[in-house]
Structure formats: structure tokens, C-alpha cells
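Structure record follows, encoded as C-alpha cells.
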Amino acid sequence: MLETLSLSWRIAVRHWLIFRKDFFANVSPTIIDPALFLVCLGLGLGAYVDEVDGLSYARYVAPGLAVSTALFTAFFECSYNFYVRLTFENIYKAILTTPIGPREILFGEFMWIVLKGMGMTSLATVSLIAFRICHWEYAILMPLLGGLVAFACGALGLIASSVVKNINQFQTIYSLLISPMFFFSGLFFPITDLYWPLRWLANLSPFYHGVSLGQHILWAREVGEGLLTHGSALVGLSVVLGVIAYRRVYPLLYK
Amino acid sequence: MGETKAILASRDLQKRFGKLVAVDGVTLDILPGQCVGLLGPNGAGKSTFISMAYGATPRSGGELFVFGLDPQKDSRAIKKRLGVVTQEDCLDEAMTVYENMAMFARFSGVPKPEIDSRVGELLEFMSLGHKRDASIRALSGGMKRRLVFVRALLAKPELIILDEPTTGLDPAVRHLLWEKVLELKASGTTILLTTHYMDEAERLCERLIIMDQGKIREDAAPRDLIERHCPGYVAHFKNREVVGTLRTYLSSHPEGVVYEDSAGVGVRGPDLPWISEMVSKIEFAPEVVRPANLEDVFLKITGRGLGSHA
């Protein structure tokens with residue numbers, strides 16, 4: 001098992017080395033997009049909105065935006081990027097001739113995506129704290145939350161990779177799955193007033209639980225309760241999605 | 001006895017992809033130090049066979065042992081002792097030559113302090129020392145191919161699998177790679193090679209296995225294959241109209257065989273005097289007269305040439 005982990009780690013390191021080569025291009029969409037959302041919604045739309053849940057609109061959207069960096073970085077890494085490595089670049093074909101097997105590749109993908117999600121969420125959280133848009137007291141939990149959300153959303157990306165017939169089909173999955181998850185997550189407005197089937201569906205979304213827990217943490221409100229409810233739901237969903245992703249992608253690497 | 005000594009042993013090996021039978025009951029032993037060529041038309045099952053050998057593809061039936069181990073259970077232990085020159089280059093385009101090789105050295109378990117010298121030596125061995133810090137994108141096709149050889153040799157493998165190693169390369173690079181393969185062979189490395197080039201197979205391998213539709217059709221030394229299937233000489237004609245004349249001649253000289261292929265028509269006879277005699281009797285001059293070769297054997301066995309249209 002130790003050798004499996006050490007070989008998996010080398011896959012994560014490989015991805016980091018490639019990522020690092022074009023660091024700014026790779027980081028910018030994940031950081032700049034939420035920053036734009038924050039400015040446009042918080043300051044722009046926020047001027048027309050009194051308060052949501054007793055918070056200014058900028059403070060309301062801030063935690064969700066920090067968590068969204070994990071959603072996007074993970075989904076894109078495990079859909080487009082993974083698919084390109086698998087089909088166009090044939091990177092795994094060469095790697096599989098070495099002592100690394102399909103299991104180590106998949107473990108490595110998950111290690112990488114968790115670390116990437118942790119990094120991106122941390123970066124966003126630090127910026128929010130620096131601009132005093134959120135509380136810092138429990139912020140130490142944010143990297144863990146980012147890693148967990150990235151794991152679950154990365155698993156969704158891998159499942160998508162096992163479903164699509166060509167690279168264009170990711171767009172449909174993005175529009176039908178990732179966008180609704182993003183907009184109906186409680187990030188922009190509380191979903192408590194939504195029609196009940198939508199609320200029920202939101203409970204199946206790892207991003208909804210991620211945003212909710214992020215709000216508990218960065219608003220410094222009932223963090224313990226948030227961990228118990230949304231935290232455990234997120235862990236449960238992560239396990240289920242992780243297992244499905246593993247089972248679906250393994251045969252693509254070993255056929 | 002052979003089974004305990006064989007580097008690679010398969011018994012009735014099967015691989016199916018849905019309804020497609022890619023490998024259909026292959027039984028063979030590859031002994032230490034042998035250089036074995038696996039020949040066959042596209043889709044014959046060669047690549048599937050070798051992919052099973054290094055544990056990248058599960059088998060559907062039969063038995064397979066590499067170094068006495070089952071690739072489905074011990075692929076990691078097996079892959080530590082073999083190197084593969086993959087059919088496609090599969091190099092990391094975003095990295096430099098050195099970065100690429102250092103990364104694969106880590107994958108292959110080369111201890112960190114040895115990576116620098118190992119990569120350096122192998123780059124020199126493949127005449128790529130001057131490209132150490134070049135980006136992969138800046139390399140020519142031939143250089144990339146040589147780099148794939150470096151990658152396969154990083155772990156000092158006991159068995160090297162070459163999957164169409166020289167396809168699409170210019171003659172100079174092909175000769176360089178052959179020289180390197182012969183050096184590895186001389187040092188005792190066992191080699192399994194798939195190729196479409198008969199000259200490559202004849203030059204490098206002491207044993208050839210011809211596969212077609214997932215089955216082994218022949219397994220022998222190159223010379224024996226020619227002796228067995230296509231002994232003698234061949235007269236080849238570009239002009240297809242000559243075929244009627246040839247058939248008429250052969251009706252009274254049954255030792256010869258006529259065939260047609262994409263380049264024209266030809267006759268294979270038992271020896272050179274027989275061919276000369278034939279040429280003097282008919283009124284057409286052949287384009288070329290030559291000894292029968294492995295290509296003739298291959299086309300005959302895989303059903304697309306010598307003998308099959310006779």
C-alpha cells in the first residue's frame with residue numbers, strides 16, 4: 001500500500017510540474033472569475049439589495065465564491081484535462097508501461113485534485129480575509145473544505161469523462177449539471193424559499209453542502225452544527241461519487 | 001522445463017473485446033536472450049498480445065506468465081523488469097527532454113541520486129545528449145522515437161518490448177535504432193519486437209512469429225520460414241497482361257507458382273536456372289529477378305500474395 005501511495009504521489013507531482021509551467025494562466029480563471037463575481041454582485045447588485053440573512057450582499061456571496069474555486073478547478077481538471085491526457089496526449093499509455101498501474105493513476109488524480117482544490121480555496125479565502133469581507137476565526141477549516149469539495153466535484157468530472165463520446169459533450173454536462181449546481185447552491189440567494197423539489201435536489205449536490213458549510217465557517221455562525229450536517233453530507237457524497245468515478249474510469253485505463 | 005526458464009510464456013491466451021476476438025489461443029515461450037519478432041497485418045492481435053504481457057490489458061482466457069509471474073496479479077513487479085517502446089511516442093509535450101526522462105525514471109523506481117547520470121548516459125547512448133534541455137515540441141520525429149527508447153531503457157530492463165519501433169522513420173534513424181537494438185541483444189537483453197518491416201525482422205530477430213486474426217500462423221527462424229514456404233527465386237513483372245502467358249507456361253511446368261499483388265504479377269520457381277529458362281521461353285522481360293524473401297512468406301501466410309492466387 002505504501003508503494004501504491006508513493007507511486008500515486010508521483011502522478012500528482014507530475015501534474016504539479018506541468019501546472020507550474022503555466023502557473024498564471026492556470027490560476028487566473030479560478031481566481032479572477034470569483035473576484036469579478038464579488039465585485040459585480042457585491043458592489044454592483046449589492047447596492048440594490050438591502051441585506052440577505054442579516055449580511056451585506058458582498059458578505060453573503062463571499063463564502064460561496066471561495067468554495068466555487070474548488071468546484072471549477074476540480075471539474076475542469078477531471079473533465080477536459082483528464083480527457084485530453086487520456087485520449088489526445090496518450091500520457092497514461094506511456095505511464096502504464098512503468099510500475100504505475102490504473103489504481104495509482106486514479107489515486108494520483110484524486111490527490112492532485114484535492115491539493116489543487118485546497119490551494120485555490122485557501123488563496124480565495126486569504127483574499128476575502130484581507131479585504132475584510134469575511135470572518136477569519138474558523139478560516140483554517142476552509143482548505144479542508146476546499147479539498148473535500150474538489151474531491152467530490154473532481155469525481156463528477158471523472159464520471160463525465162467516462163460518459164462523453166467526444167470532448168464537445170462536456171459542454172452539455174457543464175450546462176445541465178455544473179451550472180445548475182452553481183446557481184442553485186445557496187451561493188447567490190438562500191434556497192430555503194425555493195420550490196421543494198429543487199431544495200431536495202440541492203441536497204444531493206456536494207457543492208450545495210460545500211457552500212453551506214463555507215457560509216457557517218466564514219460567517220462564523222454555528223460552525224459545529226454546519227460541520228455535523230453539511231460536513232457529514234459532503235463526506236458521504238464524496239465517498240459515493242469517488243467510488244462511482246473509480247469504478248467507471250478504471251476500465252478506461254485497463255481494457 | 002521450458003516453462004520455468006521462459007521469460008514470457010503463454011498458454012492458449014485469449015482476448016476478446018465484445019464480439020471481436022483479438023487474440024485467439026496463443027501459446028508460446030520466449031527464452032532469455034532471444035530476439036523474437038511478432039509479425040502480422042494490422043489488427044492481427046500483436047499489440048493486444050504485448051499489452052497483456054506488461055499488464056495494461058486483462059486477458060479473457062488462458063494463461064500468461066512474464067518472469068514466471070502473472071501480469072494480472074503482479075504487473076508492478078513485472079514492469080520493474082521490463083521496458084516498452086510504445087507504438088505512439090506519448091511524450092509529455094509541455095516538458096523538456098530531461099524533465100520528461102527524469103519523471104519517468106522516478107515512475108520506474110530509479111533511485112533519485114542515480115537519475116541524473118542514468119538519463120545522461122542513455123541520452124548519449126541514443127545520440128541525444130545535445131538535446132537534453134530542448135522542449136519535446138522542438139524535436140524531430142526521429143529524435144522523439146530515440147527518446148522513447150531512452151524512456152524504455154531507464155530501469156535497465158531484462159526484457160524490452162518494441163511495438164513498431166521504426167514506423168515512419170527515415171532510413172538513417174532506422175539503421176541507428178537497429179544498431180542500438182543489436183547492442184542490447186548482444187548484452188543479453190531479451191527482446192520482443194512487433195513490426196511491419198520484413199527487413200527489420202530479418203535483420204534483428206532469430207525467431208519470427210507470424211500472427212493473423214489473433215492466431216499464430218508460423219513460428220520459426222527467418223531462413224526456415226523462407227525454405228518452408230517460398231524456397232527459390234521470383235521473377236516479377238509490372239505488366240499484368242503477362243499473367244495469361246505465365247499461366248500457360250506453368251501448365252507444363254508445375255514446379256512454379258504464379259501470383260498477383262499490388263505491384264504486378266510474378267512467378268516463383270524452385271531455383272535460378274528454372275526462372276532463367278522460363279524468361280527465355282516467354283516473350284516478356286521481368287522487371288526484377290530475386291531470391292524469395294520474408295515478404296513473400298508473409299504475404300503467402302496472411303493470405304495476400306504468393307501462392308494464394310495460384
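Residue numbering restarts at 1 for every chain of the C-alpha cells, chains are lettered A, B, ... in their displayed order, and ligands are numbered from 1 as they appear.
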Worksheet item: What are the residues of chain A that have an atom within 10 Å of an atom of chain B, counting only C-alpha atoms, as a VMD selection string?
Response: chain A and resid 4 6 to 8 10 to 11 13 to 14 17 to 19 21 to 22 85 88 to 102 251 253 to 255
Worksheet entry | Using only C-alpha atoms: which of B:Ser127, B:Ser60, B:Asn293, B:Ser135 has the shortest distance to Leu225 in chain B |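 Nearest to Leu225 in chain B: B:Asn293.
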Discussion item. So the first atom is CA of Gly40 in chain B and the second is CA of Thr87 in chain A; what is the distance between them in Å, to one decimal place?
Written reply: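 If I compute the distance from CA of Gly40 in chain B to CA of Thr87 in chain A, I get 25.6 Å.
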Practice prompt. Would you list the contacts of range 228-239 of chain A as a ChimeraX atom specification, taking every protein, DNA or RNA residue within 6 Å and counting only C-alpha atoms, but skipping same-chain residues closer than 6 positions in sequence?
Written response: /A:152,206,209,213
